[in-house]
>>> print(open('model_17.csv').read())   # CSV, C-alpha atoms
chain,number,residue,atom,x,y,z
A,1,GLN,CA,48.2,13.6,55.1
A,2,SER,CA,50.1,10.5,54.0
A,3,PRO,CA,49.4,9.0,50.6
A,4,ALA,CA,48.3,5.7,52.1
A,5,ARG,CA,45.6,7.5,54.1
A,6,SER,CA,44.2,9.8,51.4
A,7,PRO,CA,40.5,9.2,50.3
A,8,PHE,CA,41.7,9.0,46.7
A,9,LEU,CA,43.9,6.0,47.5
A,10,ARG,CA,41.2,4.3,49.5
A,11,ARG,CA,38.9,4.5,46.5
A,12,LEU,CA,41.6,3.1,44.3
A,13,ARG,CA,41.9,0.1,46.7
A,14,ARG,CA,38.2,-0.5,46.6
A,15,LEU,CA,38.2,-0.5,42.8
A,16,GLY,CA,41.1,-2.9,42.9
A,17,ARG,CA,43.6,-0.5,41.2
A,18,PRO,CA,47.2,-1.7,41.7
A,19,LEU,CA,49.5,0.5,43.7
A,20,SER,CA,53.3,1.0,43.8
A,21,PRO,CA,55.3,0.0,46.9
A,22,SER,CA,55.1,3.6,48.1
A,23,GLY,CA,51.3,3.5,48.0
A,24,VAL,CA,51.0,5.7,45.0
A,25,PRO,CA,49.5,4.3,41.7
A,26,GLU,CA,52.2,4.3,39.0
A,27,ARG,CA,51.5,6.1,35.7
A,28,GLY,CA,51.6,2.9,33.6
A,29,MET,CA,49.2,1.2,36.0
A,30,VAL,CA,46.7,4.1,35.8
A,31,ARG,CA,46.9,4.1,32.1
A,32,THR,CA,46.3,0.3,32.0
A,33,ARG,CA,43.3,0.8,34.3
A,34,ARG,CA,41.8,3.5,32.1
A,35,GLN,CA,42.2,1.3,29.0
A,36,GLY,CA,40.4,-1.5,30.8
A,37,LEU,CA,37.5,0.8,31.7
A,38,ARG,CA,37.2,2.0,28.1
A,39,ALA,CA,37.3,-1.6,26.9
A,40,ALA,CA,34.6,-2.5,29.5
A,41,ARG,CA,32.4,0.4,28.3
A,42,GLN,CA,32.8,-0.6,24.7
A,43,GLU,CA,31.9,-4.2,25.5
A,44,ALA,CA,28.8,-3.1,27.4
A,45,ALA,CA,27.7,-0.9,24.5
A,46,GLU,CA,28.2,-3.7,22.0
A,47,ALA,CA,26.3,-6.1,24.2
A,48,ASP,CA,23.3,-3.8,24.1
A,49,PHE,CA,23.2,-4.2,20.3
A,50,GLU,CA,23.7,-8.0,20.2
A,51,PRO,CA,19.9,-8.7,19.9
A,52,LEU,CA,19.7,-6.3,17.0
A,53,LYS,CA,22.7,-7.9,15.3
A,54,ALA,CA,21.2,-11.3,15.8
A,55,SER,CA,17.8,-10.3,14.4
A,56,ARG,CA,19.5,-8.7,11.4
A,57,ALA,CA,21.5,-11.8,10.8
A,58,LYS,CA,18.3,-13.9,10.8
A,59,GLY,CA,16.8,-11.6,8.2
A,60,ALA,CA,14.3,-9.9,10.5
A,61,TRP,CA,15.9,-6.5,10.2
A,62,THR,CA,14.1,-4.7,7.3
A,63,ARG,CA,15.3,-1.6,5.6
A,64,PRO,CA,13.2,0.8,3.5
A,65,GLU,CA,15.1,-0.3,0.5
A,66,ASP,CA,14.0,-3.9,1.2
A,67,VAL,CA,10.3,-2.9,1.3
A,68,LEU,CA,10.7,-1.1,-2.1
A,69,LEU,CA,11.9,-4.4,-3.5
A,70,PHE,CA,9.3,-6.7,-2.1
A,71,TYR,CA,8.0,-9.1,-4.7
A,72,PRO,CA,4.4,-7.8,-4.7
A,73,ASN,CA,5.7,-4.2,-5.1
A,74,LEU,CA,7.8,-5.3,-8.1
A,75,VAL,CA,4.6,-6.7,-9.6
A,76,GLY,CA,3.0,-3.3,-8.9
A,77,TYR,CA,5.8,-1.5,-10.8
A,78,LEU,CA,5.3,-3.8,-13.7
A,79,ARG,CA,1.6,-3.0,-13.7
A,80,VAL,CA,2.4,0.7,-13.9
A,81,GLY,CA,4.6,0.1,-16.9
A,82,PHE,CA,2.0,-2.1,-18.7
A,83,SER,CA,-0.6,0.6,-18.1
A,84,LEU,CA,1.5,3.3,-19.5
A,85,ALA,CA,2.4,1.2,-22.5
A,86,SER,CA,-1.3,0.4,-23.1
A,87,PHE,CA,-2.2,4.1,-23.2
A,88,PHE,CA,0.8,4.9,-25.4
A,89,PHE,CA,-0.4,2.4,-28.1
A,90,ALA,CA,-4.1,3.1,-27.5
A,91,GLN,CA,-4.7,4.9,-30.8
A,92,THR,CA,-2.2,3.2,-33.0
A,93,HIS,CA,-1.9,-0.5,-32.1
A,94,TRP,CA,-5.1,-1.4,-30.4
A,95,LYS,CA,-4.4,-5.2,-30.1
A,96,LEU,CA,-1.1,-4.4,-28.3
A,97,SER,CA,-2.9,-1.9,-26.1
A,98,VAL,CA,-5.4,-4.5,-25.1
A,99,LEU,CA,-2.7,-7.0,-24.3
A,100,MET,CA,-0.8,-4.5,-22.2
A,101,TYR,CA,-4.0,-3.5,-20.3
A,102,LEU,CA,-4.9,-7.1,-19.6
A,103,LEU,CA,-1.4,-7.8,-18.3
A,104,SER,CA,-1.7,-4.9,-16.0
A,105,PHE,CA,-5.1,-6.0,-14.8
A,106,SER,CA,-3.9,-9.6,-14.3
A,107,GLY,CA,-1.2,-8.3,-12.0
A,108,ASP,CA,-3.9,-7.0,-9.7
A,109,LEU,CA,-5.0,-10.6,-9.2
A,110,LEU,CA,-1.5,-11.8,-8.3
A,111,ASP,CA,0.1,-9.1,-6.1
A,112,GLY,CA,-2.0,-9.8,-3.0
A,113,LYS,CA,-1.4,-13.6,-3.2
A,114,ILE,CA,2.3,-13.0,-3.6
A,115,ALA,CA,2.3,-10.6,-0.6
A,116,ARG,CA,0.6,-13.1,1.6
A,117,HIS,CA,2.7,-16.1,0.4
A,118,PHE,CA,6.0,-14.4,1.1
A,119,ASP,CA,4.8,-12.4,4.2
A,120,GLN,CA,5.5,-9.1,2.4
A,121,CYS,CA,2.3,-7.2,3.0
A,122,SER,CA,3.1,-3.5,3.3
A,123,LYS,CA,1.4,-0.1,3.4
A,124,LEU,CA,3.4,0.9,0.4
A,125,GLY,CA,2.0,-2.1,-1.5
A,126,GLY,CA,-1.6,-1.3,-0.5
A,127,VAL,CA,-1.3,2.3,-1.7
A,128,LEU,CA,0.5,1.2,-4.9
A,129,ASP,CA,-2.2,-1.3,-5.7
A,130,MET,CA,-5.0,1.2,-5.0
A,131,VAL,CA,-3.5,4.0,-7.0
A,132,THR,CA,-2.6,1.8,-9.9
A,133,ASP,CA,-6.1,0.4,-10.1
A,134,ARG,CA,-7.8,3.8,-10.1
A,135,CYS,CA,-5.3,5.5,-12.5
A,136,THR,CA,-5.5,2.5,-14.9
A,137,THR,CA,-9.3,2.6,-15.0
A,138,ALA,CA,-9.3,6.4,-15.3
A,139,GLY,CA,-6.8,6.2,-18.2
A,140,LEU,CA,-9.0,3.7,-20.1
A,141,LEU,CA,-12.1,5.9,-19.5
A,142,ALA,CA,-10.2,8.9,-20.9
A,143,VAL,CA,-9.3,6.9,-24.0
A,144,LEU,CA,-13.0,5.8,-24.4
A,145,GLY,CA,-14.0,9.5,-24.1
A,146,ILE,CA,-11.7,10.2,-27.1
A,147,LEU,CA,-13.0,7.3,-29.2
A,148,TYR,CA,-16.6,8.0,-28.4
A,149,PRO,CA,-16.8,11.8,-28.2
A,150,ARG,CA,-20.6,11.9,-28.1
A,151,GLN,CA,-20.7,9.7,-25.0
A,152,GLY,CA,-17.7,11.5,-23.5
A,153,ILE,CA,-19.7,13.0,-20.6
A,154,TRP,CA,-20.7,9.5,-19.4
A,155,PHE,CA,-17.1,8.4,-19.3
A,156,ILE,CA,-16.2,11.6,-17.3
A,157,LEU,CA,-18.9,10.8,-14.8
A,158,LEU,CA,-17.7,7.2,-14.4
A,159,MET,CA,-14.2,8.5,-13.8
A,160,ILE,CA,-15.4,11.0,-11.2
A,161,ILE,CA,-17.5,8.4,-9.3
A,162,ASP,CA,-14.7,5.8,-9.3
A,163,LEU,CA,-12.0,8.1,-8.1
A,164,SER,CA,-14.0,10.0,-5.5
A,165,SER,CA,-15.7,7.0,-4.0
A,166,HIS,CA,-12.6,5.0,-3.4
A,167,TRP,CA,-10.5,8.0,-2.2
A,168,VAL,CA,-13.1,9.1,0.4
A,169,HIS,CA,-13.7,5.6,1.5
A,170,VAL,CA,-10.0,5.0,2.1
A,171,VAL,CA,-9.7,8.3,4.0
A,172,SER,CA,-12.7,7.5,6.2
A,173,THR,CA,-11.2,4.1,7.2
A,174,ALA,CA,-7.6,5.1,7.5
A,175,SER,CA,-7.6,5.1,11.3
A,176,MET,CA,-9.8,2.0,11.7
A,177,GLY,CA,-7.9,-0.7,9.7
A,178,HIS,CA,-8.0,-2.1,6.2
A,179,HIS,CA,-10.8,-0.6,4.0
A,180,LYS,CA,-12.0,-4.1,3.2
A,181,ASP,CA,-12.2,-5.6,6.7
A,182,SER,CA,-15.6,-6.6,7.8
A,183,SER,CA,-15.1,-5.0,11.2
A,184,VAL,CA,-14.4,-1.7,9.5
A,185,LEU,CA,-17.5,-2.0,7.3
A,186,GLU,CA,-20.0,-3.2,9.9
A,187,SER,CA,-21.5,0.3,10.2
A,188,ARG,CA,-21.5,1.0,6.5
A,189,SER,CA,-24.1,0.4,3.8
A,190,PHE,CA,-25.4,-3.2,3.4
A,191,LEU,CA,-24.6,-3.0,-0.3
A,192,LEU,CA,-21.0,-2.2,0.6
A,193,GLN,CA,-20.8,-5.1,3.0
A,194,LEU,CA,-22.1,-7.4,0.4
A,195,TYR,CA,-19.6,-6.1,-2.2
A,196,TYR,CA,-16.5,-6.6,0.0
A,197,GLY,CA,-17.9,-9.6,1.9
A,198,VAL,CA,-19.0,-11.9,-0.9
A,199,TYR,CA,-16.0,-12.6,-3.1
A,200,PRO,CA,-17.8,-14.0,-6.2
A,201,PHE,CA,-20.0,-10.9,-6.2
A,202,PHE,CA,-16.9,-8.7,-5.8
A,203,GLY,CA,-15.1,-10.5,-8.6
A,204,TYR,CA,-18.0,-10.3,-11.0
A,205,LEU,CA,-18.4,-6.6,-10.5
A,206,CYS,CA,-14.7,-5.8,-10.7
A,207,VAL,CA,-13.8,-8.1,-13.6
A,208,GLY,CA,-17.1,-7.5,-15.5
A,209,THR,CA,-16.6,-3.7,-15.3
A,210,GLU,CA,-13.1,-3.8,-16.6
A,211,ILE,CA,-14.0,-6.3,-19.4
A,212,PHE,CA,-16.9,-4.0,-20.3
A,213,TYR,CA,-14.5,-1.1,-20.8
A,214,VAL,CA,-12.0,-3.2,-22.7
A,215,LEU,CA,-14.7,-4.6,-25.1
A,216,LEU,CA,-16.0,-1.1,-25.8
A,217,TYR,CA,-12.5,-0.1,-26.7
A,218,ALA,CA,-11.9,-3.1,-28.9
A,219,ASN,CA,-15.3,-2.8,-30.6
A,220,HIS,CA,-14.4,0.6,-31.9
A,221,PHE,CA,-11.7,-0.9,-34.0
A,222,LEU,CA,-13.4,-4.1,-34.9
A,223,ASP,CA,-16.6,-2.4,-36.0
A,224,SER,CA,-18.3,-5.7,-35.6
A,225,ASN,CA,-22.0,-6.6,-35.8
A,226,SER,CA,-21.4,-9.9,-34.1
A,227,PRO,CA,-24.5,-10.9,-32.0
A,228,PHE,CA,-22.1,-12.8,-29.6
A,229,LEU,CA,-20.0,-9.7,-29.0
A,230,PHE,CA,-23.2,-7.5,-28.6
A,231,TYR,CA,-24.6,-10.0,-26.1
A,232,LEU,CA,-21.3,-10.2,-24.2
A,233,ILE,CA,-21.0,-6.5,-23.9
A,234,TRP,CA,-24.5,-5.5,-23.0
A,235,PHE,CA,-26.0,-8.6,-21.3
A,236,VAL,CA,-23.0,-10.0,-19.4
A,237,CYS,CA,-20.6,-7.1,-18.7
A,238,PHE,CA,-22.8,-4.0,-18.6
A,239,PRO,CA,-24.9,-5.3,-15.6
A,240,ALA,CA,-21.6,-5.7,-13.7
A,241,CYS,CA,-20.6,-2.1,-14.6
A,242,PHE,CA,-24.0,-0.7,-13.6
A,243,MET,CA,-24.0,-2.5,-10.2
A,244,LYS,CA,-20.4,-1.4,-9.7
A,245,GLN,CA,-21.5,2.2,-10.0
A,246,LEU,CA,-24.3,1.7,-7.4
A,247,VAL,CA,-21.7,0.2,-5.1
A,248,ASN,CA,-19.4,3.2,-5.7
A,249,LEU,CA,-22.2,5.6,-4.9
A,250,ALA,CA,-23.1,3.7,-1.7
A,251,GLN,CA,-19.4,3.7,-0.8
A,252,LEU,CA,-19.2,7.5,-1.4
A,253,SER,CA,-22.3,8.3,0.7
A,254,SER,CA,-21.3,5.9,3.5
A,255,ALA,CA,-17.8,7.3,3.7
A,256,CYS,CA,-19.1,10.9,3.8
A,257,TYR,CA,-21.5,10.1,6.6
A,258,ALA,CA,-18.7,8.4,8.6
A,259,LEU,CA,-16.5,11.4,8.2
A,260,ALA,CA,-19.4,13.7,9.3
A,261,GLU,CA,-19.8,11.5,12.4
A,262,VAL,CA,-16.2,11.9,13.3
A,263,ASP,CA,-16.5,15.7,12.9
A,264,ALA,CA,-19.6,15.8,15.1
A,265,GLN,CA,-17.9,13.8,17.8
A,266,GLU,CA,-14.9,16.0,17.8
A,267,ARG,CA,-17.0,19.1,18.1
A,268,ASN,CA,-19.1,17.7,20.9
A,269,MET,CA,-16.0,16.6,22.8
A,270,LYS,CA,-14.7,20.2,22.8
A,271,ARG,CA,-18.0,21.4,24.5
A,272,ILE,CA,-17.7,18.9,27.3
>>> encode(input="model_17.csv", output="structure tokens")
Amino acid sequence: QSPARSPFLRRLRRLGRPLSPSGVPERGMVRTRRQGLRAARQEAAEADFEPLKASRAKGAWTRPEDVLLFYPNLVGYLRVGFSLASFFFAQTHWKLSVLMYLLSFSGDLLDGKIARHFDQCSKLGGVLDMVTDRCTTAGLLAVLGILYPRQGIWFILLMIIDLSSHWVHVVSTASMGHHKDSSVLESRSFLLQLYYGVYPFFGYLCVGTEIFYVLLYANHFLDSNSPFLFYLIWFVCFPACFMKQLVNLAQLSSACYALAEVDAQERNMKRI
């Protein structure tokens, strides 16, 4: 069979590969053709990544390291540091301890606003905020248990209620959305809906409870008989703490019932 009639050469002509005068592709021409195919494949591969490169150039490509350095998360790290410093100075420099604790608590009022302003809301930030809140409150209750040993059992109970209610509540809403969303809470206790739905009520209970604990701590060192301080502790802040524990108990019971409903539905589905 002549070279000009071979199927291989016919395929070369259809591909546009140059031939020598004898009808056989020269070695240099074949090499040039192969290099051209490689270059075409490389250009096609790079073209597939052009949208990703463009999005990354615009700042839309986010790495895990970027999330760790989000502004609200940096505020969360500072809160952890302030809390640890507060507990470190709790029994030696009470004024400094109060200052560190209040700085940590004030960060809780800022991180959410910063996250929304810079569009940096993240799951890491939500977990960091929740864990910092619970651990900071638990640490202060532990300090109060040391300073008021006769009332230590009450501080232990407050710690247990606070940690367990929030943890079970978050677990029960993990697959439904944010644990404060009204759509998530529509089947929960009315008291819980009131707590998360009415911001002034939510603020009074949260801030009042924390200030109640802080004033109990400071009063141990002040040893003051001031009527104003007594009124502030027991008639302004203590009602907030008391209602907060009722909300925590409602939160715990509602979350347990929601988890039981999920378990019942799963078991019933297996029997169908």
>>> closest_residue(input="model_17.csv", among="A:Trp61, A:Tyr101, A:Phe235, A:Tyr199", to="Leu78 in chain A", atoms="all atoms listed in the file")
A:Tyr101
>>> atom_distance(input="model_17.csv", atom1="CA of Pro72 in chain A", atom2="CA of Lys123 in chain A")
11.6 Å
>>> residues_around(input="model_17.csv", residues="range 161-175 of chain A", least_positions_apart="2", cutoff="9 Å", atoms="all atoms listed in the file", output="list of chain:residue names")
A:Met130, A:Arg134, A:Cys135, A:Thr137, A:Ala138, A:Ile156, A:Leu157, A:Leu158, A:Met159, A:Gly177, A:His178, A:His179, A:Val184, A:Leu185, A:Gln245, A:Asn248, A:Leu249, A:Ala250, A:Gln251, A:Leu252, A:Ser253, A:Ser254, A:Ala255, A:Cys256, A:Ala258, A:Leu259
>>> residues_near_point(input="model_17.csv", point="(-1.2, -7.4, -15.0)", cutoff="10 Å", atoms="all atoms listed in the file", output="list in words")
Val75, Gly76, Leu78, Arg79, Val80, Gly81, Phe82, Ser83, Leu99, Met100, Tyr101, Leu102, Leu103, Ser104, Phe105, Ser106, Gly107, Asp108, Leu109, Leu110 and Asp111 of chain A
>>> closest_residue(input="model_17.csv", among="A:Leu144, A:Val262, A:Ile160, A:Leu222", to="Lys95 in chain A", atoms="all atoms listed in the file")
A:Leu222
>>> atom_distance(input="model_17.csv", atom1="CA of Pro227 in chain A", atom2="CA of Phe212 in chain A")
15.6 Å
>>> atom_distance(input="model_17.csv", atom1="CA of Ala240 in chain A", atom2="CA of Phe155 in chain A")
15.8 Å
>>> closest_residue(input="model_17.csv", among="A:Leu128, A:Leu140, A:Cys121, A:Leu69", to="Ala218 in chain A", atoms="only C-alpha atoms")
A:Leu140
>>> closest_residue(input="model_17.csv", among="A:Asp263, A:Asn219, A:Ile211, A:Ser97", to="Phe238 in chain A", atoms="only C-alpha atoms")
A:Ile211
>>> residues_around(input="model_17.csv", residues="Met243 in chain A", least_positions_apart="6", cutoff="10 Å", atoms="all atoms listed in the file", output="PyMOL selection string")
chain A and resi 191+195+204-206+209+249
